[in-house]
$ cat start_36.pdb   # PDB, C-alpha atoms and all ligand atoms
ATOM      1  CA  MET A1486       0.000   0.000   0.000
ATOM      2  CA  VAL A1487       1.141   3.482  -0.793
ATOM      3  CA  VAL A1488       1.795   5.945   2.002
ATOM      4  CA  VAL A1489       1.935   9.664   1.228
ATOM      5  CA  LEU A1490       3.928  12.042   3.403
ATOM      6  CA  SER A1491       4.295  15.782   3.194
ATOM      7  CA  LYS A1492       6.384  18.567   4.693
ATOM      8  CA  VAL A1493       5.951  22.332   4.662
ATOM      9  CA  LEU A1494       9.184  24.294   4.609
ATOM     10  CA  VAL A1495       9.013  27.207   7.039
ATOM     11  CA  GLN A1496      12.621  28.305   6.634
ATOM     12  CA  GLU A1497      15.464  27.647   4.241
ATOM     13  CA  PRO A1498      16.842  24.158   4.969
ATOM     14  CA  GLN A1499      20.440  24.217   6.140
ATOM     15  CA  HIS A1500      23.202  21.739   5.391
ATOM     16  CA  VAL A1501      24.853  19.939   8.254
ATOM     17  CA  PRO A1502      28.364  19.320   6.894
ATOM     18  CA  PHE A1503      29.738  15.812   7.207
ATOM     19  CA  GLU A1504      33.434  15.073   6.941
ATOM     20  CA  GLY A1505      34.159  13.061   3.797
ATOM     21  CA  LEU A1506      30.666  13.360   2.350
ATOM     22  CA  GLY A1507      29.845  15.476  -0.685
ATOM     23  CA  VAL A1508      27.044  15.931  -3.163
ATOM     24  CA  ARG A1509      26.988  16.521  -6.899
ATOM     25  CA  THR A1510      24.422  16.636  -9.676
ATOM     26  CA  PHE A1511      23.911  14.281 -12.634
ATOM     27  CA  GLN A1512      26.842  14.775 -15.023
ATOM     28  CA  GLY A1513      25.785  12.989 -18.198
ATOM     29  CA  ASP A1514      24.928   9.593 -19.653
ATOM     30  CA  PRO A1515      27.608   7.585 -17.759
ATOM     31  CA  ASP A1516      25.667   8.553 -14.627
ATOM     32  CA  ILE A1517      22.671   6.537 -15.846
ATOM     33  CA  ASN A1518      24.471   3.331 -14.865
ATOM     34  CA  THR A1519      25.636   4.889 -11.611
ATOM     35  CA  TRP A1520      22.028   5.717 -10.790
ATOM     36  CA  LEU A1521      20.737   2.278 -11.829
ATOM     37  CA  GLN A1522      23.301   0.521  -9.648
ATOM     38  CA  VAL A1523      22.535   2.621  -6.584
ATOM     39  CA  ARG A1524      18.823   1.944  -7.058
ATOM     40  CA  GLU A1525      19.386  -1.783  -7.600
ATOM     41  CA  HIS A1526      21.545  -2.253  -4.487
ATOM     42  CA  SER A1527      19.555   0.065  -2.253
ATOM     43  CA  PHE A1528      16.234  -1.660  -2.930
ATOM     44  CA  ALA A1529      17.648  -5.207  -3.085
ATOM     45  CA  ASN A1530      15.849  -6.260   0.113
ATOM     46  CA  ALA A1531      12.809  -4.017  -0.241
ATOM     47  CA  LEU A1532       9.460  -5.596   0.541
ATOM     48  CA  PRO A1533       7.418  -5.139  -1.560
ATOM     49  CA  PRO A1534      10.258  -5.599  -4.048
ATOM     50  CA  ILE A1535      10.865  -3.325  -7.000
ATOM     51  CA  ARG A1536      11.406  -4.271 -10.612
ATOM     52  CA  SER A1537      14.923  -4.001 -11.969
ATOM     53  CA  TRP A1538      15.380  -1.095 -14.374
ATOM     54  CA  SER A1539      17.361  -0.923 -17.621
ATOM     55  CA  PRO A1540      18.789   2.280 -19.146
ATOM     56  CA  ASP A1541      15.628   2.418 -21.291
ATOM     57  CA  ASP A1542      13.528   2.520 -18.135
ATOM     58  CA  PHE A1543      15.637   5.411 -16.863
ATOM     59  CA  HIS A1544      15.055   7.296 -20.098
ATOM     60  CA  ARG A1545      11.339   6.642 -20.056
ATOM     61  CA  GLU A1546      10.680   7.182 -16.358
ATOM     62  CA  ILE A1547      13.093  10.014 -15.625
ATOM     63  CA  LYS A1548      15.214  11.473 -18.389
ATOM     64  CA  ASN A1549      12.403  12.039 -20.881
ATOM     65  CA  ARG A1550       9.944  13.398 -18.350
ATOM     66  CA  HIS A1551       8.928  17.040 -18.724
ATOM     67  CA  TRP A1552      10.077  17.875 -15.201
ATOM     68  CA  TRP A1553      13.545  16.339 -15.342
ATOM     69  CA  GLN A1554      16.741  18.332 -15.462
ATOM     70  CA  PRO A1555      20.246  17.010 -14.681
ATOM     71  CA  GLU A1556      20.400  19.534 -11.826
ATOM     72  CA  ARG A1557      17.448  17.769 -10.218
ATOM     73  CA  THR A1558      19.202  14.442  -9.702
ATOM     74  CA  TRP A1559      21.799  14.448  -6.947
ATOM     75  CA  PHE A1560      24.427  11.889  -5.977
ATOM     76  CA  ALA A1561      26.030  11.661  -2.561
ATOM     77  CA  GLU A1562      29.711  10.782  -2.693
ATOM     78  CA  MET A1563      31.791   9.382   0.111
ATOM     79  CA  ASP A1564      35.517   9.940   0.340
ATOM     80  CA  GLU A1565      37.164   6.521   0.146
ATOM     81  CA  GLY A1566      40.665   7.880   0.663
ATOM     82  CA  SER A1567      43.427   8.487  -1.902
ATOM     83  CA  GLY A1568      41.196  11.020  -3.649
ATOM     84  CA  HIS A1569      38.664   8.366  -4.659
ATOM     85  CA  GLN A1570      34.957   9.187  -4.306
ATOM     86  CA  GLN A1571      32.288   6.506  -4.213
ATOM     87  CA  VAL A1572      28.668   7.253  -5.043
ATOM     88  CA  VAL A1573      26.599   5.999  -2.101
ATOM     89  CA  GLY A1574      23.178   7.531  -2.640
ATOM     90  CA  THR A1575      20.863   9.432  -4.921
ATOM     91  CA  VAL A1576      17.640  11.409  -4.988
ATOM     92  CA  THR A1577      15.671  13.136  -7.742
ATOM     93  CA  LEU A1578      13.248  16.027  -7.550
ATOM     94  CA  SER A1579      10.233  15.503  -9.738
ATOM     95  CA  MET A1580       7.504  18.030 -10.357
ATOM     96  CA  ARG A1581       3.914  16.910 -10.516
ATOM     97  CA  ARG A1582       1.621  19.236 -12.382
ATOM     98  CA  PRO A1583       0.704  21.826 -11.222
ATOM     99  CA  GLU A1584       4.146  22.511  -9.815
ATOM    100  CA  GLN A1585       4.055  20.140  -6.874
ATOM    101  CA  PRO A1586       7.569  19.027  -5.867
ATOM    102  CA  VAL A1587       7.820  15.276  -5.244
ATOM    103  CA  VAL A1588      10.731  13.292  -3.808
ATOM    104  CA  HIS A1589      11.624  10.662  -6.404
ATOM    105  CA  TRP A1590      13.739   7.544  -5.884
ATOM    106  CA  LEU A1591      15.676   8.330  -2.730
ATOM    107  CA  ALA A1592      18.187   5.510  -2.307
ATOM    108  CA  VAL A1593      21.243   4.968  -0.092
ATOM    109  CA  LEU A1594      23.489   1.916  -0.354
ATOM    110  CA  PRO A1595      23.047  -0.412   2.653
ATOM    111  CA  ALA A1596      26.723  -0.105   3.644
ATOM    112  CA  ALA A1597      26.450   3.694   3.832
ATOM    113  CA  ARG A1598      23.257   3.971   5.878
ATOM    114  CA  ARG A1599      22.784   5.765   9.203
ATOM    115  CA  ARG A1600      25.630   8.125   8.398
ATOM    116  CA  GLY A1601      23.609  11.114   7.274
ATOM    117  CA  VAL A1602      23.624  10.400   3.524
ATOM    118  CA  GLY A1603      19.829  10.369   3.188
ATOM    119  CA  ARG A1604      19.584  13.572   5.213
ATOM    120  CA  LEU A1605      22.227  15.269   3.072
ATOM    121  CA  LEU A1606      20.357  14.383  -0.122
ATOM    122  CA  MET A1607      17.005  15.517   1.248
ATOM    123  CA  VAL A1608      18.414  18.834   2.440
ATOM    124  CA  GLN A1609      19.824  19.348  -1.042
ATOM    125  CA  LEU A1610      16.438  18.639  -2.602
ATOM    126  CA  GLU A1611      14.614  20.826  -0.063
ATOM    127  CA  ARG A1612      17.018  23.725  -0.632
ATOM    128  CA  GLU A1613      16.301  23.528  -4.358
ATOM    129  CA  CYS A1614      12.551  23.556  -3.665
ATOM    130  CA  TRP A1615      13.019  26.582  -1.429
ATOM    131  CA  ARG A1616      15.076  28.345  -4.109
ATOM    132  CA  LEU A1617      12.336  27.671  -6.664
ATOM    133  CA  GLY A1618       9.741  29.169  -4.330
ATOM    134  CA  HIS A1619       8.023  25.907  -3.360
ATOM    135  CA  ARG A1620       7.128  25.401   0.268
ATOM    136  CA  ARG A1621       5.330  22.045   0.297
ATOM    137  CA  ILE A1622       7.002  18.777  -0.647
ATOM    138  CA  VAL A1623       5.340  15.399  -1.107
ATOM    139  CA  VAL A1624       6.775  11.904  -1.044
ATOM    140  CA  GLU A1625       5.120   8.597  -1.826
ATOM    141  CA  SER A1626       6.436   5.445  -0.239
ATOM    142  CA  GLU A1627       5.238   1.943   0.624
ATOM    143  CA  THR A1628       3.817   1.045   4.030
ATOM    144  CA  GLY A1629       6.162  -1.970   3.999
ATOM    145  CA  TRP A1630       9.244   0.227   3.643
ATOM    146  CA  ARG A1631       9.376   1.021   7.339
ATOM    147  CA  GLU A1632      12.931   2.371   7.287
ATOM    148  CA  ALA A1633      11.855   4.932   4.752
ATOM    149  CA  THR A1634       8.829   6.037   6.806
ATOM    150  CA  ALA A1635      10.980   6.319   9.958
ATOM    151  CA  PHE A1636      13.509   8.338   7.993
ATOM    152  CA  TYR A1637      10.962  10.721   6.476
ATOM    153  CA  GLU A1638       9.277  11.275   9.836
ATOM    154  CA  GLN A1639      12.666  12.115  11.316
ATOM    155  CA  MET A1640      13.092  14.614   8.473
ATOM    156  CA  GLY A1641       9.829  16.322   9.485
ATOM    157  CA  TYR A1642       7.432  14.680   6.999
ATOM    158  CA  GLU A1643       3.930  13.771   8.188
ATOM    159  CA  GLN A1644       1.704  11.075   6.803
ATOM    160  CA  ILE A1645      -1.237  12.575   4.910
ATOM    161  CA  ALA A1646      -2.603   9.444   3.205
TER     162      ALA A1646
HETATM  163  C1  LIG B1701      15.536   5.474   3.876
HETATM  164  C2  LIG B1701      17.010   5.673   3.554
HETATM  165  C3  LIG B1701      17.123   6.552   2.308
HETATM  166  C4  LIG B1701      17.684   6.415   4.736
HETATM  167  O1  LIG B1701      19.016   6.720   4.364
HETATM  168  P1  LIG B1701      20.183   6.945   5.461
HETATM  169  O2  LIG B1701      21.349   7.524   4.762
HETATM  170  O3  LIG B1701      20.407   5.707   6.242
HETATM  171  O4  LIG B1701      19.513   8.043   6.419
HETATM  172  P2  LIG B1701      20.263   8.999   7.478
HETATM  173  O5  LIG B1701      21.529   8.367   7.961
HETATM  174  O6  LIG B1701      20.388  10.361   6.878
HETATM  175  O7  LIG B1701      19.182   8.997   8.658
HETATM  176  C5  LIG B1701      18.672  10.177   9.259
HETATM  177  C6  LIG B1701      17.756   9.784  10.395
HETATM  178  O8  LIG B1701      16.583   9.088   9.876
HETATM  179  C7  LIG B1701      16.201   8.051  10.806
HETATM  180  N1  LIG B1701      16.382   6.741  10.197
HETATM  181  C8  LIG B1701      17.093   6.424   9.092
HETATM  182  N2  LIG B1701      17.028   5.098   8.841
HETATM  183  C9  LIG B1701      16.281   4.569   9.827
HETATM  184  C10 LIG B1701      15.874   3.238  10.147
HETATM  185  N3  LIG B1701      16.261   2.184   9.383
HETATM  186  N4  LIG B1701      15.108   3.031  11.233
HETATM  187  C11 LIG B1701      14.735   4.072  12.019
HETATM  188  N5  LIG B1701      15.097   5.360  11.776
HETATM  189  C12 LIG B1701      15.855   5.608  10.699
HETATM  190  C13 LIG B1701      17.150   8.188  12.000
HETATM  191  O9  LIG B1701      16.552   9.063  12.946
HETATM  192  C14 LIG B1701      18.380   8.813  11.368
HETATM  193  O10 LIG B1701      19.187   9.510  12.308
HETATM  194  P3  LIG B1701      20.218   8.666  13.245
HETATM  195  O11 LIG B1701      20.952   7.695  12.371
HETATM  196  O12 LIG B1701      21.092   9.744  13.816
HETATM  197  O13 LIG B1701      19.359   7.979  14.266
HETATM  198  C15 LIG B1701      17.745   4.301   3.336
HETATM  199  O14 LIG B1701      17.468   3.469   4.448
HETATM  200  C16 LIG B1701      17.351   3.568   2.061
HETATM  201  O15 LIG B1701      17.899   3.832   0.988
HETATM  202  N6  LIG B1701      16.393   2.616   2.155
HETATM  203  C17 LIG B1701      15.995   1.782   1.007
HETATM  204  C18 LIG B1701      15.376   2.576  -0.103
HETATM  205  C19 LIG B1701      14.159   3.363   0.341
HETATM  206  O16 LIG B1701      13.327   2.899   1.098
HETATM  207  N7  LIG B1701      14.073   4.612  -0.181
HETATM  208  C20 LIG B1701      12.951   5.492   0.071
HETATM  209  C21 LIG B1701      11.849   5.117  -0.869
HETATM  210  S1  LIG B1701      10.466   6.203  -0.719
END
$ encode --input "start_36.pdb" --output "structure tokens" --more "lines below"
Ligand SMILES: CC(C)(COP(=O)(O)OP(=O)(O)OC[C@H]1O[C@@H](n2cnc3c(N)ncnc32)[C@H](O)[C@@H]1OP(=O)(O)O)[C@@H](O)C(=O)NCCC(=O)NCCS
Amino acid sequence: MVVVLSKVLVQEPQHVPFEGLGVRTFQGDPDINTWLQVREHSFANALPPIRSWSPDDFHREIKNRHWWQPERTWFAEMDEGSGHQQVVGTVTLSMRRPEQPVVHWLAVLPAARRRGVGRLLMVQLERECWRLGHRRIVVESETGWREATAFYEQMGYEQIA
């Protein structure tokens, strides 16, 4: 069953800096595979499960959508040492007509969880919403994805349906 959560921004969201954790936007087609892999690994144990996506799915469901821009897909990168960065999470801001911001495919690799990656990505998305003048954000999840609900509630989202 789908659960819908919502948050109203009352002030500009602020980043809490984390040592060794950075964020960047979608850089081009090689990032399609990066995104697909993060999604695949992050939802590997999800119940209900999700269908595996191919690059064509990414094009159809994200890249070719009217709301998508590369600046609206973020990747969190963790410093692995020796100057190497590993992508450990992603989130996309989608826009439902009429101009309703929606959190789309938030995913953090299991090995990187509970280290503030999800929060970092959400603050990034919320700051962009704020910059665009939007104050209400919606996210749809699954009742079975309890980690996600706990996370969103911690981020200030309230269940509305
Ligand atoms: C939900 C998810 C994105 C959270 O990512 P994360 O990087 O672990 O989240 P953070 O470390 O930023 O967590 C921030 C706070 O949220 C809460 N939280 C996060 N995961 C939680 C869990 N499994 N159980 C309870 N609370 C949780 C905690 O209060 C946490 O703060 P704390 O670690 O200091 O206690 C991640 O678990 C995930 O990718 N899950 C699978 C995919 C998914 O469900 N995506 C959302 C689909 S709508």
$ residues_near_ligand --input "start_36.pdb" --ligand "ligand LIG 1701 (chain B)" --cutoff "9 Å" --atoms "only C-alpha atoms and all ligand atoms" --output "compact mmCIF listing (two decimals) with C-alpha atoms, in the coordinates of the input"
# COMPACT_ATOMS: atom_id res chain seq x y z
CA VAL A 1523 22.54 2.62 -6.58
CA ARG A 1524 18.82 1.94 -7.06
CA HIS A 1526 21.54 -2.25 -4.49
CA SER A 1527 19.56 0.06 -2.25
CA PHE A 1528 16.23 -1.66 -2.93
CA ALA A 1529 17.65 -5.21 -3.08
CA ASN A 1530 15.85 -6.26 0.11
CA ALA A 1531 12.81 -4.02 -0.24
CA VAL A 1573 26.60 6.00 -2.10
CA GLY A 1574 23.18 7.53 -2.64
CA THR A 1575 20.86 9.43 -4.92
CA VAL A 1576 17.64 11.41 -4.99
CA VAL A 1588 10.73 13.29 -3.81
CA HIS A 1589 11.62 10.66 -6.40
CA TRP A 1590 13.74 7.54 -5.88
CA LEU A 1591 15.68 8.33 -2.73
CA ALA A 1592 18.19 5.51 -2.31
CA VAL A 1593 21.24 4.97 -0.09
CA LEU A 1594 23.49 1.92 -0.35
CA PRO A 1595 23.05 -0.41 2.65
CA ALA A 1596 26.72 -0.10 3.64
CA ALA A 1597 26.45 3.69 3.83
CA ARG A 1598 23.26 3.97 5.88
CA ARG A 1599 22.78 5.76 9.20
CA ARG A 1600 25.63 8.12 8.40
CA GLY A 1601 23.61 11.11 7.27
CA VAL A 1602 23.62 10.40 3.52
CA GLY A 1603 19.83 10.37 3.19
CA ARG A 1604 19.58 13.57 5.21
CA LEU A 1605 22.23 15.27 3.07
CA LEU A 1606 20.36 14.38 -0.12
CA MET A 1607 17.00 15.52 1.25
CA VAL A 1624 6.78 11.90 -1.04
CA GLU A 1625 5.12 8.60 -1.83
CA SER A 1626 6.44 5.44 -0.24
CA GLU A 1627 5.24 1.94 0.62
CA TRP A 1630 9.24 0.23 3.64
CA ARG A 1631 9.38 1.02 7.34
CA GLU A 1632 12.93 2.37 7.29
CA ALA A 1633 11.86 4.93 4.75
CA THR A 1634 8.83 6.04 6.81
CA ALA A 1635 10.98 6.32 9.96
CA PHE A 1636 13.51 8.34 7.99
CA TYR A 1637 10.96 10.72 6.48
CA GLU A 1638 9.28 11.28 9.84
CA GLN A 1639 12.67 12.12 11.32
CA MET A 1640 13.09 14.61 8.47
$ closest_residue --input "start_36.pdb" --among "A:Trp1552, A:Trp1615, A:Trp1538, A:Phe1543" --to "Leu1494 (chain A)" --atoms "only C-alpha atoms"
A:Trp1615
$ atom_distance --input "start_36.pdb" --atom1 "CA of Leu1532 (chain A)" --atom2 "CA of Gly1629 (chain A)"
6.0 Å
$ atom_distance --input "start_36.pdb" --atom1 "CA of Leu1578 (chain A)" --atom2 "CA of Pro1534 (chain A)"
22.1 Å
$ closest_residue --input "start_36.pdb" --among "A:Pro1533, A:Gly1568, A:Gly1641, A:Pro1515" --to "Arg1621 (chain A)" --atoms "all atoms listed in the file"
A:Gly1641
$ atom_distance --input "start_36.pdb" --atom1 "CA of Glu1613 (chain A)" --atom2 "CA of Arg1536 (chain A)"
28.9 Å
$ residues_near_point --input "start_36.pdb" --point "(27.4, 8.0, -7.5)" --cutoff "9 Å" --atoms "only C-alpha atoms" --output "mmCIF file with C-alpha atoms, in the frame of the given file"
data_model
loop_
_atom_site.group_PDB
_atom_site.id
_atom_site.type_symbol
_atom_site.label_atom_id
_atom_site.label_comp_id
_atom_site.auth_asym_id
_atom_site.auth_seq_id
_atom_site.Cartn_x
_atom_site.Cartn_y
_atom_site.Cartn_z
ATOM 1 C CA ARG A 1509 26.988 16.521 -6.899
ATOM 2 C CA PHE A 1511 23.911 14.281 -12.634
ATOM 3 C CA ASP A 1516 25.667 8.553 -14.627
ATOM 4 C CA THR A 1519 25.636 4.889 -11.611
ATOM 5 C CA TRP A 1520 22.028 5.717 -10.790
ATOM 6 C CA GLN A 1522 23.301 0.521 -9.648
ATOM 7 C CA VAL A 1523 22.535 2.621 -6.584
ATOM 8 C CA TRP A 1559 21.799 14.448 -6.947
ATOM 9 C CA PHE A 1560 24.427 11.889 -5.977
ATOM 10 C CA ALA A 1561 26.030 11.661 -2.561
ATOM 11 C CA GLU A 1562 29.711 10.782 -2.693
ATOM 12 C CA MET A 1563 31.791 9.382 0.111
ATOM 13 C CA GLN A 1570 34.957 9.187 -4.306
ATOM 14 C CA GLN A 1571 32.288 6.506 -4.213
ATOM 15 C CA VAL A 1572 28.668 7.253 -5.043
ATOM 16 C CA VAL A 1573 26.599 5.999 -2.101
ATOM 17 C CA GLY A 1574 23.178 7.531 -2.640
ATOM 18 C CA THR A 1575 20.863 9.432 -4.921
#
$ closest_residue --input "start_36.pdb" --among "A:Asp1541, A:Glu1584, A:Glu1546, A:Glu1497" --to "Val1608 (chain A)" --atoms "only C-alpha atoms"
A:Glu1497
$ closest_residue --input "start_36.pdb" --among "A:Ile1517, A:Val1508, A:Val1488, A:Val1493" --to "Glu1611 (chain A)" --atoms "all atoms listed in the file"
A:Val1493
$ closest_residue --input "start_36.pdb" --among "A:Lys1492, A:Arg1582, A:His1551, A:Arg1557" --to "Gln1609 (chain A)" --atoms "only C-alpha atoms"
A:Arg1557
$ closest_residue --input "start_36.pdb" --among "A:Gly1513, A:Gly1618, A:Pro1583, A:Gly1505" --to "Gly1566 (chain A)" --atoms "all atoms listed in the file"
A:Gly1505
$ axis_aligned_box --input "start_36.pdb" --around "region 1535-1541 of chain A" --padding-each-side "4 Å" --output "JSON"
{"center_x": 14.8, "center_y": -0.9, "center_z": -14.1, "size_x": 15.9, "size_y": 14.7, "size_z": 22.3}
$ decode --input "start_36.pdb" --residues "region 1588-1607 of chain A" --atoms "C-alpha atoms" --output "short mmCIF file (atom, residue, chain, number, x, y, z; two decimals), in the first residue's frame"
data_model
loop_
_atom_site.label_atom_id
_atom_site.label_comp_id
_atom_site.auth_asym_id
_atom_site.auth_seq_id
_atom_site.Cartn_x
_atom_site.Cartn_y
_atom_site.Cartn_z
CA VAL A 1588 10.73 13.29 -3.81
CA HIS A 1589 11.62 10.66 -6.40
CA TRP A 1590 13.74 7.54 -5.88
CA LEU A 1591 15.68 8.33 -2.73
CA ALA A 1592 18.19 5.51 -2.31
CA VAL A 1593 21.24 4.97 -0.09
CA LEU A 1594 23.49 1.92 -0.35
CA PRO A 1595 23.05 -0.41 2.65
CA ALA A 1596 26.72 -0.10 3.64
CA ALA A 1597 26.45 3.69 3.83
CA ARG A 1598 23.26 3.97 5.88
CA ARG A 1599 22.78 5.76 9.20
CA ARG A 1600 25.63 8.13 8.40
CA GLY A 1601 23.61 11.11 7.27
CA VAL A 1602 23.62 10.40 3.52
CA GLY A 1603 19.83 10.37 3.19
CA ARG A 1604 19.58 13.57 5.21
CA LEU A 1605 22.23 15.27 3.07
CA LEU A 1606 20.36 14.38 -0.12
CA MET A 1607 17.00 15.52 1.25
#
